[in-house]
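Below is one structure, written out as structure tokens; the observations come after it.
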Amino acid sequence: MADASPARQNLERKLATILSADVAGYSRLMAEDEEQTLRTFHAHKEIFESLVAMHKGRVFNTAGDAILAEFGSVVEAVRCATEVQAALQTRNNQFPPDRQVNFRIGINLGDVIVQGQDLLGDGVNVAARLQTAAMPGGICISGSVYDQIRNKLSLSFSPLGEKIFKNIPQPVRTFSITEAEGHAPLPSPKSGRGSAVWWVVAAVLLAAGGYWSYSRSERITVERPRVRAEASKPGLAQSEARPALEQPATQPPLRSTIPRMEPKLKNLPEHVSPAADKDSGTPGPLAAKKAEQPVEVAASQNAQLQSTVPAKSVMGGVDGVYAGRVCFGATAAQQAHCFRSEATLANGKLAGQWSQREGWIMYLAGEVSPSGEVQIHMHNENNGVSKGRIEMTGKLHDGRLEAAGAFLNGRTAKVEWRRRPASR
């Protein structure tokens, strides 16, 4: 039977976006210089609260160095967090690194209990735990927040996996925001998931290769004694005793898959058929005539036979290195610019990478269909942090690879490459 107590009936609940923030290393800062730390903290707090109000939020609790704010919009909460970190970083740059007052921010979308002006419940607690996973000056968000904003804001994320937090019963999908358009990159914990996946894949491949090698060795060991025993029996032909494992691999004759092309020979009687000449036990007129042909004629026949082999797919003749320009369009904050780059196409797979400024590396991966349709994904990485994703589509034709697309923020991008001639 449901609990219908008056206390439970009077509880008000609602869905809210909770932003939780505190100062990293606050106790150390206070121990070293209380007065300066308090002056800096109060100045930072004023900026923090003004940006919360600007994004239609409400600070509902403060305690010591902690700030809790409520937002009706997930998008506005995340925008507020990125602007807070950008504004406070500008102020922190005036101080030595060991005297900077850096906030860590966690954001969660969840159900909360309303108690006067305060909010309580797991929705608030998860936001507070996410804040502890953030780097000083960084932002961590829950999966519920990520699902709401990933296609609405121009941000880059680093997935941290499902994290287990103290006193939170269920693991929390956690993401770190690594970059917001128009602002400097944000500090982020390293994910490490990519390298773990590669180690698992490598282990599986090694195990599979080892098993195949072992099973093949065992099969050969078992088969060979039996083959020798059968070969020693009287009346058994050697070729019949040898299993397929030891017989040399042979390919079906070319003429089994290619229409037979017999060159027309001069002075050959019309009643002599190639088949009759082939089936006779002694050299016939056709065999004798073939033997008299010069080497050039045989080479010509071979070329004719090869010309009848079905042409490979369009992919067979386009593999190689493609080089040219990658161009980004202009935005309100950035100018249009182009740079040189290249990628390698092999068996329909396109791959390339090149260095950017400040240790960032641009990675490219794509596919080219047999009909020449091109799909390309590009993004920047630095120490496991990913940003600036671009999706492009295009066409490969006549040695030219052209594709166009856009960043999540709408900034245009295009590729104009030509196939590089093979070196001789």
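Residue numbering restarts at 1 in every chain; chains get A, B, ... in the order shown in the structure tokens, and ligands count up from 1 in that same order.
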
Asp398 (chain A) environment, 12 Å, only C-alpha atoms, sequence neighbours closer than 2 positions dropped, as a compact mmCIF listing (two decimals) with C-alpha atoms, in the first residue's frame:
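Dumped everything to result02.txt:
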```txt
# COMPACT_ATOMS: atom_id res chain seq x y z
CA VAL A 314 36.67 1.60 -60.05
CA GLY A 317 42.89 2.11 -60.25
CA VAL A 318 42.52 5.01 -57.84
CA GLY A 372 33.28 7.17 -56.25
CA LYS A 395 33.06 12.63 -55.08
CA LEU A 396 36.19 11.03 -56.51
CA ARG A 400 40.31 14.53 -58.22
CA LEU A 401 38.88 14.13 -54.73
CA GLU A 402 36.50 16.90 -53.70
CA TRP A 417 42.84 17.15 -53.64
CA ARG A 418 44.47 15.60 -56.68
CA ARG A 419 46.04 12.18 -56.95
```

For Leu186 (chain A), the nearest of the candidates A:Ile105, A:Ile113, A:Val172, A:Val321, counting only C-alpha atoms: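 Going through A:Ile105, A:Ile113, A:Val172, A:Val321 one by one, the smallest distance to Leu186 (chain A) is for A:Ile105.
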
Glu373 (chain A) environment, 9 Å, only C-alpha atoms, sequence neighbours closer than 3 positions dropped, as a PyMOL selection string: chain A and resi 367-370+393-396

Selected residue, from A:Leu350, A:Leu19, A:Leu11, A:Leu88, that lies nearest to Pro136 (chain A) when counting only C-alpha atoms: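 That would be A:Leu88, the residue with the smallest distance to Pro136 (chain A).
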
Distance in Å - CA of Ile361 (chain A) versus CA of Lys152 (chain A):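 Going from CA of Ile361 (chain A) over to CA of Lys152 (chain A), I get 25.4 Å.
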
Among the residues A:Leu153, A:Ser27, A:Asn347, A:Leu130, the one that comes closest to Ser176 (chain A) [using only C-alpha atoms]: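 Closest candidate: A:Leu130.
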
Residue among A:Leu38, A:Ala413, A:Val75, A:Ile164 lying closest to Tyr26 (chain A), counting only C-alpha atoms: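 Looking at the shortest contact to Tyr26 (chain A), the residue is A:Leu38.
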
All residues 12 Å or closer to Pro169 (chain A), only C-alpha atoms, same chain fewer than 6 positions away omitted, as a count of residues only: 4

Mind checking which residues fall within 9 Å of Lys14 (chain A), counting only C-alpha atoms, ignoring those fewer than 4 positions away in the same chain, and posting them as a short mmCIF file (atom, residue, chain, number, x, y, z; two decimals) with N, CA and C atoms, in the first residue's frame?
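Everything below was put into selection-v2.cif:
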```
data_model
loop_
_atom_site.label_atom_id
_atom_site.label_comp_id
_atom_site.auth_asym_id
_atom_site.auth_seq_id
_atom_site.Cartn_x
_atom_site.Cartn_y
_atom_site.Cartn_z
N GLY A 110 18.31 16.38 -13.48
CA GLY A 110 17.66 15.33 -12.72
C GLY A 110 16.49 15.85 -11.91
N ASP A 111 15.80 14.91 -11.29
CA ASP A 111 14.64 15.24 -10.47
C ASP A 111 15.12 15.69 -9.09
N VAL A 112 14.55 16.79 -8.57
CA VAL A 112 14.97 17.34 -7.27
C VAL A 112 13.74 17.61 -6.40
N ILE A 113 14.01 17.75 -5.11
CA ILE A 113 12.97 18.09 -4.13
C ILE A 113 13.08 19.57 -3.78
N VAL A 114 11.97 20.25 -3.82
CA VAL A 114 11.94 21.68 -3.49
C VAL A 114 11.64 21.84 -2.00
#
```

All residues 8 Å or closer to Thr412 (chain A), only C-alpha atoms, same chain fewer than 4 positions away omitted, as a list in words: Phe328, Gly329, Ala330, Ala404, Gly405, Ala406 and Phe407 of chain A
